[in-house]
Amino acid sequence: MSRSWSGRPRQRYFRRPRSRWRKLADYAFAALVMGLLLLVSARLDRFETRTTQGAAVINDGDSITLGSERIRLRGIDAPEFSQICSKDGGEYPCGRRSREALSKLVAERQVTCAGWERDKYGRLLGACSVGNTELNRAQVEAGWAIAYGGYEAEEAAARRDRKGLWAGEFDRPRDWRSMHGDMVEIEHGSYGRILNWLREIFRFS
């Protein structure tokens, strides 16, 4: 089999040398990447699960204090202590009811919490339990907290059975806080986890 030949010389391509500024930019980028890797490796201990236990002070329906550690129950959101809801044509202090429900679950027993994330207010986001009862889940199942990045199935069941908050009408706690200029925090889902991770990486205190 014969091969055809065009008779044209092959073109050679030469790579233009990088400019001084391009080299400096490449070196700076490499140094930045190395610096970030060193920073992450130096702070890996911040992502270890922290476990704390003891007698709990119940702040509201989704936050407690164990000793000096403030803990926000991860994945749920409860009415603020001063929040008012409506039921059967009247108003009632749903924030206090939610706090009372959590207090009854704890019943002055020792609480154990575990987690590694911290929210923008420095509170540990944890899963807390008393004996075999997980407080986060129990609050949503009883209808005194709503899903906030977790426990969607438990919320659906409580809503269907019209338990707790679902027996009447209420503003979602996040909306109530926004309307009253109170603390605003991101939902505890995947996006929130990424933000908390970045916050821990770049927290220098």
# chains A, B, ... in the order shown; residues from 1 in each chain; ligands from 1
call {"tool": "residues_around", "arguments": {"residues": "segment 156-168 of chain A", "least_positions_apart": "3", "cutoff": "7 Å", "atoms": "only C-alpha atoms", "output": "ChimeraX atom specification"}}
result
/A:86-88,141-144,152-153
call {"tool": "atom_distance", "arguments": {"atom1": "atom CA of Asp171 of chain A", "atom2": "atom CA of Ala138 of chain A"}}
result
20.6 Å
call {"tool": "atom_distance", "arguments": {"atom1": "atom CA of Val184 of chain A", "atom2": "atom CA of Ile64 of chain A"}}
result
17.8 Å
call {"tool": "select_by_dssp", "arguments": {"residues": "segment 37-138 of chain A", "states": "strand (DSSP E)", "output": "mmCIF file with N, CA and C atoms, in the first residue's frame"}}
result
data_model
loop_
_atom_site.group_PDB
_atom_site.id
_atom_site.type_symbol
_atom_site.label_atom_id
_atom_site.label_comp_id
_atom_site.auth_asym_id
_atom_site.auth_seq_id
_atom_site.Cartn_x
_atom_site.Cartn_y
_atom_site.Cartn_z
ATOM 1 N N ARG A 50 -16.353 15.879 69.838
ATOM 2 C CA ARG A 50 -16.215 16.222 71.252
ATOM 3 C C ARG A 50 -17.428 15.686 71.998
ATOM 4 N N THR A 51 -17.182 14.973 73.091
ATOM 5 C CA THR A 51 -18.257 14.435 73.910
ATOM 6 C C THR A 51 -18.212 15.091 75.284
ATOM 7 N N THR A 52 -19.350 15.589 75.720
ATOM 8 C CA THR A 52 -19.441 16.212 77.036
ATOM 9 C C THR A 52 -20.706 15.742 77.719
ATOM 10 N N GLN A 53 -20.680 15.656 79.028
ATOM 11 C CA GLN A 53 -21.843 15.171 79.757
ATOM 12 C C GLN A 53 -21.922 15.819 81.129
ATOM 13 N N GLY A 54 -23.116 15.763 81.706
ATOM 14 C CA GLY A 54 -23.305 16.343 83.018
ATOM 15 C C GLY A 54 -24.737 16.796 83.211
ATOM 16 N N ALA A 55 -24.941 17.549 84.293
ATOM 17 C CA ALA A 55 -26.264 18.101 84.572
ATOM 18 C C ALA A 55 -26.514 19.267 83.631
ATOM 19 N N ALA A 56 -27.689 19.291 83.020
ATOM 20 C CA ALA A 56 -27.982 20.286 81.990
ATOM 21 C C ALA A 56 -28.850 21.407 82.526
ATOM 22 N N VAL A 57 -28.528 22.615 82.073
ATOM 23 C CA VAL A 57 -29.408 23.759 82.246
ATOM 24 C C VAL A 57 -30.178 23.908 80.935
ATOM 25 N N ILE A 58 -31.496 23.849 80.987
ATOM 26 C CA ILE A 58 -32.314 23.915 79.777
ATOM 27 C C ILE A 58 -32.580 25.379 79.449
ATOM 28 N N ASN A 59 -32.019 25.846 78.346
ATOM 29 C CA ASN A 59 -32.186 27.243 77.949
ATOM 30 C C ASN A 59 -33.501 27.462 77.218
ATOM 31 N N ASP A 60 -33.768 26.612 76.243
ATOM 32 C CA ASP A 60 -35.046 26.628 75.528
ATOM 33 C C ASP A 60 -35.241 25.255 74.896
ATOM 34 N N SER A 63 -31.738 24.170 73.003
ATOM 35 C CA SER A 63 -30.390 24.511 73.459
ATOM 36 C C SER A 63 -30.269 24.311 74.961
ATOM 37 N N ILE A 64 -29.106 23.809 75.363
ATOM 38 C CA ILE A 64 -28.829 23.538 76.766
ATOM 39 C C ILE A 64 -27.414 24.013 77.086
ATOM 40 N N THR A 65 -27.094 23.993 78.356
ATOM 41 C CA THR A 65 -25.737 24.300 78.802
ATOM 42 C C THR A 65 -25.269 23.181 79.711
ATOM 43 N N LEU A 66 -24.097 22.632 79.408
ATOM 44 C CA LEU A 66 -23.468 21.616 80.249
ATOM 45 C C LEU A 66 -22.171 22.211 80.786
ATOM 46 N N GLU A 69 -20.106 24.692 78.642
ATOM 47 C CA GLU A 69 -20.325 24.435 77.205
ATOM 48 C C GLU A 69 -21.768 24.716 76.824
ATOM 49 N N ARG A 70 -21.968 25.670 75.903
ATOM 50 C CA ARG A 70 -23.292 25.929 75.358
ATOM 51 C C ARG A 70 -23.518 24.998 74.171
ATOM 52 N N ILE A 71 -24.646 24.341 74.148
ATOM 53 C CA ILE A 71 -24.899 23.321 73.128
ATOM 54 C C ILE A 71 -26.227 23.589 72.440
ATOM 55 N N ARG A 72 -26.191 23.569 71.131
ATOM 56 C CA ARG A 72 -27.383 23.701 70.292
ATOM 57 C C ARG A 72 -27.688 22.325 69.737
ATOM 58 N N LEU A 73 -28.910 21.824 69.953
ATOM 59 C CA LEU A 73 -29.271 20.509 69.441
ATOM 60 C C LEU A 73 -29.273 20.540 67.913
ATOM 61 N N ILE A 76 -32.408 20.412 64.524
ATOM 62 C CA ILE A 76 -33.773 20.772 64.897
ATOM 63 C C ILE A 76 -33.842 22.268 65.184
ATOM 64 N N ASP A 77 -35.046 22.803 65.216
ATOM 65 C CA ASP A 77 -35.259 24.212 65.536
ATOM 66 C C ASP A 77 -36.545 24.315 66.345
ATOM 67 N N CYS A 85 -47.601 31.302 69.948
ATOM 68 C CA CYS A 85 -48.278 30.610 68.856
ATOM 69 C C CYS A 85 -49.780 30.632 69.123
ATOM 70 N N SER A 86 -50.555 30.120 68.192
ATOM 71 C CA SER A 86 -52.008 30.128 68.356
ATOM 72 C C SER A 86 -52.566 28.716 68.234
ATOM 73 N N LYS A 87 -53.700 28.513 68.955
ATOM 74 C CA LYS A 87 -54.351 27.202 68.957
ATOM 75 C C LYS A 87 -55.784 27.389 69.433
ATOM 76 N N GLY A 90 -57.012 30.886 70.248
ATOM 77 C CA GLY A 90 -56.330 31.677 71.266
ATOM 78 C C GLY A 90 -54.817 31.546 71.150
ATOM 79 N N GLU A 91 -54.117 32.361 71.908
ATOM 80 C CA GLU A 91 -52.660 32.330 71.898
ATOM 81 C C GLU A 91 -52.141 31.555 73.106
ATOM 82 N N TYR A 92 -50.954 30.998 72.950
ATOM 83 C CA TYR A 92 -50.315 30.316 74.078
ATOM 84 C C TYR A 92 -48.796 30.435 73.927
ATOM 85 N N GLN A 110 -28.528 12.989 83.910
ATOM 86 C CA GLN A 110 -27.295 13.363 83.219
ATOM 87 C C GLN A 110 -27.501 13.319 81.710
ATOM 88 N N VAL A 111 -27.048 14.355 81.046
ATOM 89 C CA VAL A 111 -27.167 14.471 79.592
ATOM 90 C C VAL A 111 -25.801 14.265 78.958
ATOM 91 N N THR A 112 -25.766 13.546 77.852
ATOM 92 C CA THR A 112 -24.531 13.338 77.093
ATOM 93 C C THR A 112 -24.715 13.911 75.697
ATOM 94 N N CYS A 113 -23.778 14.741 75.272
ATOM 95 C CA CYS A 113 -23.833 15.361 73.943
ATOM 96 C C CYS A 113 -22.531 15.099 73.199
ATOM 97 N N ALA A 114 -22.639 14.938 71.883
ATOM 98 C CA ALA A 114 -21.461 14.711 71.046
ATOM 99 C C ALA A 114 -21.604 15.485 69.748
ATOM 100 N N GLY A 115 -20.503 16.063 69.287
ATOM 101 C CA GLY A 115 -20.486 16.800 68.019
ATOM 102 C C GLY A 115 -19.152 17.488 67.829
ATOM 103 N N LEU A 124 -21.642 24.541 70.480
ATOM 104 C CA LEU A 124 -21.415 23.216 69.924
ATOM 105 C C LEU A 124 -22.726 22.681 69.361
ATOM 106 N N LEU A 125 -22.711 22.227 68.122
ATOM 107 C CA LEU A 125 -23.883 21.588 67.518
ATOM 108 C C LEU A 125 -23.786 20.098 67.805
ATOM 109 N N GLY A 126 -24.668 19.607 68.675
ATOM 110 C CA GLY A 126 -24.509 18.237 69.111
ATOM 111 C C GLY A 126 -25.779 17.418 69.086
ATOM 112 N N ALA A 127 -25.590 16.106 69.088
ATOM 113 C CA ALA A 127 -26.677 15.160 69.298
ATOM 114 C C ALA A 127 -26.636 14.797 70.773
ATOM 115 N N CYS A 128 -27.716 15.041 71.476
ATOM 116 C CA CYS A 128 -27.744 14.864 72.924
ATOM 117 C C CYS A 128 -28.714 13.753 73.310
ATOM 118 N N SER A 129 -28.407 13.084 74.386
ATOM 119 C CA SER A 129 -29.255 11.980 74.818
ATOM 120 C C SER A 129 -29.275 11.874 76.333
ATOM 121 N N VAL A 130 -30.351 11.280 76.821
ATOM 122 C CA VAL A 130 -30.499 10.907 78.224
ATOM 123 C C VAL A 130 -30.842 9.426 78.229
ATOM 124 N N THR A 133 -32.692 7.769 75.190
ATOM 125 C CA THR A 133 -33.541 8.740 74.499
ATOM 126 C C THR A 133 -32.699 9.827 73.863
ATOM 127 N N GLU A 134 -32.784 9.948 72.553
ATOM 128 C CA GLU A 134 -32.098 11.036 71.850
ATOM 129 C C GLU A 134 -32.992 12.269 71.906
#
call {"tool": "closest_residue", "arguments": {"among": "A:Arg109, A:Arg118, A:Gly75, A:Ser178", "to": "Gly149 of chain A", "atoms": "only C-alpha atoms"}}
result
A:Gly75
call {"tool": "closest_residue", "arguments": {"among": "A:Gln83, A:Glu117, A:Val106, A:Gly181", "to": "Thr49 of chain A", "atoms": "only C-alpha atoms"}}
result
A:Glu117
call {"tool": "atom_distance", "arguments": {"atom1": "atom CA of Ala101 of chain A", "atom2": "atom CA of Arg137 of chain A"}}
result
12.5 Å
call {"tool": "closest_residue", "arguments": {"among": "A:Ala78, A:Ile186, A:Val140, A:Ile146", "to": "Arg96 of chain A", "atoms": "only C-alpha atoms"}}
result
A:Ala78
